[in-house]
Structures are given as structure tokens and as C-alpha cells.
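Visitor: Following this line is upload-v5.pdb, made up of PDB, C-alpha atoms, pLDDT in the B column:
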```
ATOM      1  CA  MET D  28     196.502-103.424 -78.731  1.00 55.00           C
ATOM      2  CA  VAL D  29     195.988-104.973 -75.294  1.00 53.00           C
ATOM      3  CA  GLU D  30     197.093-101.706 -73.657  1.00 60.00           C
ATOM      4  CA  LYS D  31     194.565 -99.759 -75.741  1.00 58.00           C
ATOM      5  CA  LYS D  32     191.726-102.115 -74.665  1.00 57.00           C
ATOM      6  CA  LYS D  33     192.710-101.726 -70.992  1.00 58.00           C
ATOM      7  CA  THR D  34     192.610 -97.947 -71.391  1.00 60.00           C
ATOM      8  CA  LEU D  35     189.169 -98.064 -73.009  1.00 54.00           C
ATOM      9  CA  VAL D  36     187.859-100.341 -70.262  1.00 56.00           C
ATOM     10  CA  SER D  37     189.321 -97.991 -67.623  1.00 63.00           C
ATOM     11  CA  TYR D  38     187.585 -95.025 -69.243  1.00 58.00           C
ATOM     12  CA  ARG D  39     184.282 -96.902 -69.365  1.00 63.00           C
ATOM     13  CA  TYR D  40     184.515 -97.706 -65.646  1.00 59.00           C
ATOM     14  CA  PHE D  41     185.494 -94.136 -64.894  1.00 56.00           C
ATOM     15  CA  PHE D  42     182.550 -92.711 -66.865  1.00 54.00           C
ATOM     16  CA  ALA D  43     180.121 -95.235 -65.383  1.00 55.00           C
ATOM     17  CA  ALA D  44     181.279 -94.429 -61.843  1.00 55.00           C
ATOM     18  CA  SER D  45     181.121 -90.697 -62.574  1.00 51.00           C
ATOM     19  CA  ALA D  46     177.603 -90.984 -63.966  1.00 47.00           C
ATOM     20  CA  LEU D  47     176.486 -93.008 -60.948  1.00 48.00           C
ATOM     21  CA  PHE D  48     177.998 -90.463 -58.568  1.00 44.00           C
ATOM     22  CA  LEU D  49     176.371 -87.517 -60.379  1.00 42.00           C
ATOM     23  CA  ALA D  50     172.997 -89.296 -60.412  1.00 43.00           C
ATOM     24  CA  SER D  51     173.271 -89.892 -56.647  1.00 45.00           C
ATOM     25  CA  VAL D  52     174.115 -86.238 -56.004  1.00 41.00           C
ATOM     26  CA  ALA D  53     171.201 -85.128 -58.199  1.00 41.00           C
ATOM     27  CA  ILE D  54     168.764 -87.383 -56.328  1.00 42.00           C
ATOM     28  CA  VAL D  55     169.920 -86.113 -52.914  1.00 44.00           C
ATOM     29  CA  PHE D  56     169.726 -82.506 -54.140  1.00 42.00           C
ATOM     30  CA  PHE D  57     166.222 -83.076 -55.551  1.00 39.00           C
ATOM     31  CA  LEU D  58     164.990 -84.617 -52.284  1.00 44.00           C
ATOM     32  CA  GLN D  59     166.407 -81.711 -50.282  1.00 47.00           C
ATOM     33  CA  GLN D  60     164.833 -79.168 -52.610  1.00 59.00           C
ATOM     34  CA  SER D  61     161.527 -81.034 -52.322  1.00 88.00           C
ATOM     35  CA  GLU D  62     161.521 -80.442 -48.549  1.00 91.00           C
ATOM     36  CA  VAL D  63     162.433 -76.784 -49.040  1.00 94.00           C
ATOM     37  CA  ARG D  64     159.614 -76.353 -51.597  1.00 94.00           C
ATOM     38  CA  PHE D  65     157.167 -78.039 -49.214  1.00 95.00           C
ATOM     39  CA  CYS D  66     158.025 -75.622 -46.383  1.00 95.00           C
ATOM     40  CA  ARG D  67     157.946 -72.594 -48.617  1.00 95.00           C
ATOM     41  CA  ASP D  68     154.557 -73.622 -50.011  1.00 96.00           C
ATOM     42  CA  VAL D  69     153.062 -74.269 -46.553  1.00 96.00           C
ATOM     43  CA  PHE D  70     154.418 -70.973 -45.233  1.00 95.00           C
ATOM     44  CA  THR D  71     153.151 -69.040 -48.263  1.00 95.00           C
ATOM     45  CA  ARG D  72     149.689 -70.528 -47.831  1.00 96.00           C
ATOM     46  CA  LEU D  73     149.729 -69.759 -44.102  1.00 95.00           C
ATOM     47  CA  MET D  74     150.678 -66.161 -44.874  1.00 94.00           C
ATOM     48  CA  LYS D  75     147.773 -65.908 -47.316  1.00 94.00           C
ATOM     49  CA  GLY D  76     145.345 -67.402 -44.804  1.00 95.00           C
ATOM     50  CA  ASP D  77     144.607 -70.360 -47.093  1.00 96.00           C
ATOM     51  CA  TYR D  78     142.690 -72.795 -44.894  1.00 96.00           C
ATOM     52  CA  SER D  79     143.475 -75.758 -47.184  1.00 96.00           C
ATOM     53  CA  VAL D  80     147.022 -75.721 -45.753  1.00 96.00           C
ATOM     54  CA  ALA D  81     145.632 -77.196 -42.517  1.00 96.00           C
ATOM     55  CA  ARG D  82     146.016 -80.730 -43.892  1.00 96.00           C
ATOM     56  CA  TYR D  83     149.807 -80.275 -44.073  1.00 96.00           C
ATOM     57  CA  ILE D  84     150.168 -79.426 -40.387  1.00 96.00           C
ATOM     58  CA  ARG D  85     150.322 -82.130 -37.728  1.00 96.00           C
ATOM     59  CA  TRP D  86     148.173 -80.230 -35.233  1.00 97.00           C
ATOM     60  CA  GLU D  87     148.594 -82.744 -32.409  1.00 96.00           C
ATOM     61  CA  GLU D  88     152.343 -82.018 -32.256  1.00 95.00           C
ATOM     62  CA  PHE D  89     152.575 -78.526 -33.724  1.00 97.00           C
ATOM     63  CA  GLN D  90     154.933 -76.017 -32.059  1.00 96.00           C
ATOM     64  CA  ALA D  91     154.729 -72.478 -33.428  1.00 94.00           C
ATOM     65  CA  MET D  92     156.798 -69.504 -32.332  1.00 89.00           C
ATOM     66  CA  HIS D  93     157.679 -71.143 -29.007  1.00 87.00           C
ATOM     67  CA  ARG D  94     154.043 -71.985 -28.248  1.00 91.00           C
ATOM     68  CA  ASP D  95     152.729 -75.508 -27.841  1.00 95.00           C
ATOM     69  CA  VAL D  96     149.843 -75.314 -30.288  1.00 95.00           C
ATOM     70  CA  GLY D  97     149.443 -79.085 -30.115  1.00 95.00           C
ATOM     71  CA  LYS D  98     148.728 -79.014 -26.378  1.00 96.00           C
ATOM     72  CA  THR D  99     145.868 -76.558 -26.865  1.00 95.00           C
ATOM     73  CA  TYR D 100     144.617 -78.496 -29.874  1.00 96.00           C
ATOM     74  CA  ASN D 101     144.653 -81.824 -28.009  1.00 96.00           C
ATOM     75  CA  ALA D 102     142.654 -80.325 -25.131  1.00 95.00           C
ATOM     76  CA  LEU D 103     139.697 -79.676 -27.449  1.00 94.00           C
ATOM     77  CA  PHE D 104     136.955 -82.295 -27.322  1.00 91.00           C
ATOM     78  CA  SER D 105     135.056 -82.283 -30.584  1.00 95.00           C
ATOM     79  CA  GLU D 106     136.170 -82.355 -34.194  1.00 95.00           C
ATOM     80  CA  GLN D 107     134.144 -79.190 -34.756  1.00 96.00           C
ATOM     81  CA  GLN D 108     136.157 -77.366 -32.071  1.00 96.00           C
ATOM     82  CA  LYS D 109     139.386 -78.619 -33.604  1.00 96.00           C
ATOM     83  CA  LYS D 110     138.393 -77.427 -37.091  1.00 96.00           C
ATOM     84  CA  ARG D 111     137.472 -74.007 -35.692  1.00 96.00           C
ATOM     85  CA  TYR D 112     140.805 -73.862 -33.864  1.00 97.00           C
ATOM     86  CA  GLN D 113     142.692 -74.678 -37.074  1.00 96.00           C
ATOM     87  CA  ARG D 114     140.809 -71.990 -38.995  1.00 97.00           C
ATOM     88  CA  SER D 115     141.337 -69.481 -36.193  1.00 96.00           C
ATOM     89  CA  PHE D 116     145.061 -70.215 -36.016  1.00 96.00           C
ATOM     90  CA  ILE D 117     145.534 -69.855 -39.779  1.00 96.00           C
ATOM     91  CA  GLU D 118     143.489 -66.652 -39.971  1.00 97.00           C
ATOM     92  CA  GLY D 119     145.232 -65.200 -36.916  1.00 95.00           C
ATOM     93  CA  PHE D 120     148.680 -66.105 -38.209  1.00 93.00           C
ATOM     94  CA  SER D 121     147.981 -64.505 -41.570  1.00 95.00           C
ATOM     95  CA  LEU D 122     146.410 -61.388 -40.097  1.00 95.00           C
ATOM     96  CA  GLY D 123     149.233 -60.960 -37.579  1.00 92.00           C
ATOM     97  CA  LEU D 124     151.878 -61.093 -40.292  1.00 88.00           C
ATOM     98  CA  LYS D 125     149.956 -58.678 -42.516  1.00 91.00           C
ATOM     99  CA  ARG D 126     149.528 -56.184 -39.678  1.00 92.00           C
ATOM    100  CA  ALA D 127     153.247 -56.412 -38.901  1.00 87.00           C
ATOM    101  CA  GLY D 128     154.048 -55.677 -42.551  1.00 86.00           C
ATOM    102  CA  VAL D 129     155.664 -59.056 -43.148  1.00 84.00           C
ATOM    103  CA  ARG D 130     155.802 -60.097 -46.790  1.00 86.00           C
ATOM    104  CA  LEU D 131     157.088 -63.287 -48.374  1.00 85.00           C
ATOM    105  CA  LYS D 132     159.787 -61.355 -50.225  1.00 86.00           C
ATOM    106  CA  LEU D 133     161.445 -60.655 -46.848  1.00 87.00           C
ATOM    107  CA  PHE D 134     162.338 -64.358 -46.645  1.00 91.00           C
ATOM    108  CA  GLY D 135     165.327 -65.618 -48.591  1.00 89.00           C
ATOM    109  CA  LYS D 136     168.073 -68.213 -48.657  1.00 90.00           C
ATOM    110  CA  TRP D 137     165.627 -71.096 -48.184  1.00 94.00           C
ATOM    111  CA  ARG D 138     167.723 -74.180 -47.509  1.00 94.00           C
ATOM    112  CA  LEU D 139     168.011 -77.502 -45.752  1.00 94.00           C
ATOM    113  CA  TYR D 140     169.263 -76.782 -42.230  1.00 93.00           C
ATOM    114  CA  SER D 141     169.478 -80.283 -40.719  1.00 93.00           C
ATOM    115  CA  GLN D 142     167.970 -83.734 -41.068  1.00 91.00           C
ATOM    116  CA  ASP D 143     167.749 -87.157 -39.526  1.00 91.00           C
ATOM    117  CA  GLU D 144     165.691 -90.281 -40.228  1.00 88.00           C
ATOM    118  CA  GLU D 145     162.498 -88.858 -38.698  1.00 91.00           C
ATOM    119  CA  LYS D 146     162.558 -85.166 -39.512  1.00 94.00           C
ATOM    120  CA  VAL D 147     163.974 -82.411 -41.661  1.00 94.00           C
ATOM    121  CA  VAL D 148     164.598 -78.822 -40.598  1.00 96.00           C
ATOM    122  CA  VAL D 149     164.414 -76.145 -43.288  1.00 96.00           C
ATOM    123  CA  ALA D 150     165.682 -72.608 -42.719  1.00 95.00           C
ATOM    124  CA  ALA D 151     164.564 -69.332 -44.259  1.00 94.00           C
ATOM    125  CA  GLU D 152     166.453 -66.150 -43.489  1.00 92.00           C
ATOM    126  CA  VAL D 153     164.533 -62.982 -42.808  1.00 87.00           C
ATOM    127  CA  LEU D 154     166.562 -60.570 -44.845  1.00 81.00           C
ATOM    128  CA  ARG D 155     167.667 -57.352 -43.093  1.00 77.00           C
ATOM    129  CA  TYR D 156     166.539 -58.588 -39.640  1.00 78.00           C
ATOM    130  CA  ASN D 157     169.276 -61.104 -38.804  1.00 82.00           C
ATOM    131  CA  LYS D 158     166.736 -63.828 -37.976  1.00 88.00           C
ATOM    132  CA  ILE D 159     166.113 -67.318 -39.232  1.00 92.00           C
ATOM    133  CA  LEU D 160     162.764 -69.075 -39.307  1.00 94.00           C
ATOM    134  CA  LEU D 161     163.126 -72.833 -38.865  1.00 95.00           C
ATOM    135  CA  PHE D 162     160.508 -75.273 -40.133  1.00 96.00           C
ATOM    136  CA  THR D 163     160.466 -78.818 -38.773  1.00 96.00           C
ATOM    137  CA  VAL D 164     158.904 -81.436 -41.040  1.00 96.00           C
ATOM    138  CA  LYS D 165     158.145 -85.042 -40.092  1.00 94.00           C
ATOM    139  CA  ARG D 166     159.139 -87.418 -42.867  1.00 87.00           C
ATOM    140  CA  ASP D 167     156.172 -89.718 -42.314  1.00 82.00           C
ATOM    141  CA  ASP D 168     153.766 -90.446 -45.108  1.00 77.00           C
ATOM    142  CA  PRO D 169     152.326 -87.940 -45.611  1.00 86.00           C
ATOM    143  CA  ARG D 170     154.981 -85.493 -44.511  1.00 91.00           C
ATOM    144  CA  SER D 171     153.728 -82.726 -42.265  1.00 95.00           C
ATOM    145  CA  LEU D 172     154.842 -79.543 -40.573  1.00 96.00           C
ATOM    146  CA  VAL D 173     155.346 -80.004 -36.820  1.00 96.00           C
ATOM    147  CA  GLY D 174     157.312 -76.887 -35.917  1.00 96.00           C
ATOM    148  CA  MET D 175     157.974 -73.296 -36.869  1.00 95.00           C
ATOM    149  CA  GLN D 176     160.393 -71.395 -34.622  1.00 94.00           C
ATOM    150  CA  TRP D 177     162.566 -68.270 -34.724  1.00 91.00           C
ATOM    151  CA  GLN D 178     166.289 -68.573 -34.222  1.00 86.00           C
ATOM    152  CA  GLU D 179     168.698 -65.685 -33.939  1.00 60.00           C
ATOM    153  CA  ASP D 180     171.252 -65.731 -36.739  1.00 50.00           C
ATOM    154  CA  SER D 181     174.791 -65.967 -35.421  1.00 53.00           C
TER     155      SER D 181
END
```
Is it possible to express this structure as C-alpha cells?

Guide:
Amino acid sequence: MVEKKKTLVSYRYFFAASALFLASVAIVFFLQQSEVRFCRDVFTRLMKGDYSVARYIRWEEFQAMHRDVGKTYNALFSEQQKKRYQRSFIEGFSLGLKRAGVRLKLFGKWRLYSQDEEKVVVAAEVLRYNKILLFTVKRDDPRSLVGMQWQEDS
């Protein structure tokens, strides 16, 4: 009888530990997918030329396609100039992609690429072109896009 109770207690601990482990994995997976969804949403809205996406970009630090957008942005004096610059960037980005024939369906395998305490890097592969687009997101509250760069796939 004592042996049977020990076995039941062992099973309870095992199931409790297993449930705790699975819950931890699920939470980590959900948080990672949240960052991936954020980047995909911001990129989709940029591609569409949706100006409301501007609030998700940290313009003061933004690096896009190996250009220091933040440096140009910070050199502007008035808020009106900065708003026009944001609109111009978003419209130009969208128009440039459309003219090049780039469509969202060309991007696949969205995934977490790397992370640390301050930032997360999300990768999206450009199918058929052997390229990866990397999105850098600051984890501050609110989170914001600070980088978007090409990387050759190896």
C-alpha cells in the first residue's frame, strides 16, 4: 500500500512538472510569435503604403536597407517636416516595392532570428531569391521597429 502511494505521488510530481514545462514552452513560443506577427504586420502595412504604420517605427533610430533614416529624420527641424518625411518614406517604400514587382507572398519562413534583453531580430526569407530580410525591434514599451536590412542567405 505504501509503495502504491509513493508511485501515485511520483506520477503527480511528474505530471505537474511536465505541465509546468509545457506551459513555459508555450509562453516562450507565444512571445516569439508575437514579435514575428508584429514585424509581418508592420512590413505588410509599409508595403501597402499605410501611413498609420508610422507610429510603430522609431524614426530617430531607424536604419532601412543600409541607410541611416534616423540621421536624416533627426536633422529636420519642425514636427511638420518630420511628418512629411515619414509620409514620404512610407509612400516611397511602397511605390518602390510595387514598381519592382515585390509582393508579400514572396516572403516566407517568418521566424525569430535572434534576441537579447533590448531587441529582437525577426527574419523573413525572400523565396526564390536567396535573400533574408531582417527586422530589428526594440523591446521597449511600446515596441518599435528600428531596423530593416537585407542579408544574403548562406

Visitor: CA of Gln90 (chain D) to CA of Ser115 (chain D): how many Å, to one decimal?

Guide: 15.6 Å

Visitor: What is the distance, in Å and to one decimal place, between CA of Val153 (chain D) and CA of Gly135 (chain D)?

Guide: 6.4 Å

Visitor: Using all atoms listed in the file, pick whichever of D:Arg67, D:Lys125, D:Lys146, D:Arg94 has the shortest atom-to-atom distance to Leu160 (chain D).

Guide: D:Arg67

Visitor: From the options D:Met92, D:Arg166, D:Leu133, D:Tyr78, which residue's atoms come nearest to Arg111 (chain D), counting all atoms listed in the file?

Guide: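 Nearest to Arg111 (chain D): D:Tyr78.
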
Visitor: Can you pull out every residue within 10 Å of Ser79 (chain D), counting only C-alpha atoms, but drop anything in the same chain fewer than 5 positions away, and send it as a tab-separated table (two decimals) with C-alpha atoms, in the frame of the given file?

Guide:
```
chain	number	residue	atom	x	y	z
D	69	VAL	CA	153.06	-74.27	-46.55
D	72	ARG	CA	149.69	-70.53	-47.83
D	73	LEU	CA	149.73	-69.76	-44.10
D	114	ARG	CA	140.81	-71.99	-38.99
D	117	ILE	CA	145.53	-69.86	-39.78
```

Visitor: Identify all residues satisfying the PyMOL selection byres ((chain D and resi 113) around 10) in the given file; provide them as a PyMOL selection string.

Guide: chain D and resi 78+80-82+84+86+96+100+107-112+114-119

Visitor: Any chance you could export the current selection's C-alpha atoms as an mmCIF file, in the coordinates of the input?

Guide:
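Okay, this is what ended up in out_19.cif:
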```
data_model
loop_
_atom_site.group_PDB
_atom_site.id
_atom_site.type_symbol
_atom_site.label_atom_id
_atom_site.label_comp_id
_atom_site.auth_asym_id
_atom_site.auth_seq_id
_atom_site.Cartn_x
_atom_site.Cartn_y
_atom_site.Cartn_z
ATOM 1 C CA TYR D 78 142.690 -72.795 -44.894
ATOM 2 C CA VAL D 80 147.022 -75.721 -45.753
ATOM 3 C CA ALA D 81 145.632 -77.196 -42.517
ATOM 4 C CA ARG D 82 146.016 -80.730 -43.892
ATOM 5 C CA ILE D 84 150.168 -79.426 -40.387
ATOM 6 C CA TRP D 86 148.173 -80.230 -35.233
ATOM 7 C CA VAL D 96 149.843 -75.314 -30.288
ATOM 8 C CA TYR D 100 144.617 -78.496 -29.874
ATOM 9 C CA GLN D 107 134.144 -79.190 -34.756
ATOM 10 C CA GLN D 108 136.157 -77.366 -32.071
ATOM 11 C CA LYS D 109 139.386 -78.619 -33.604
ATOM 12 C CA LYS D 110 138.393 -77.427 -37.091
ATOM 13 C CA ARG D 111 137.472 -74.007 -35.692
ATOM 14 C CA TYR D 112 140.805 -73.862 -33.864
ATOM 15 C CA ARG D 114 140.809 -71.990 -38.995
ATOM 16 C CA SER D 115 141.337 -69.481 -36.193
ATOM 17 C CA PHE D 116 145.061 -70.215 -36.016
ATOM 18 C CA ILE D 117 145.534 -69.855 -39.779
ATOM 19 C CA GLU D 118 143.489 -66.652 -39.971
ATOM 20 C CA GLY D 119 145.232 -65.200 -36.916
#
```

Visitor: Write out as a VMD selection string which residues come within 10 Å of Val164 (chain D) when counting all atoms listed in the file, dropping same-chain ones fewer than 5 positions away.

Guide: chain D and resid 62 to 63 65 to 66 83 to 85 142 145 to 149 170 to 175
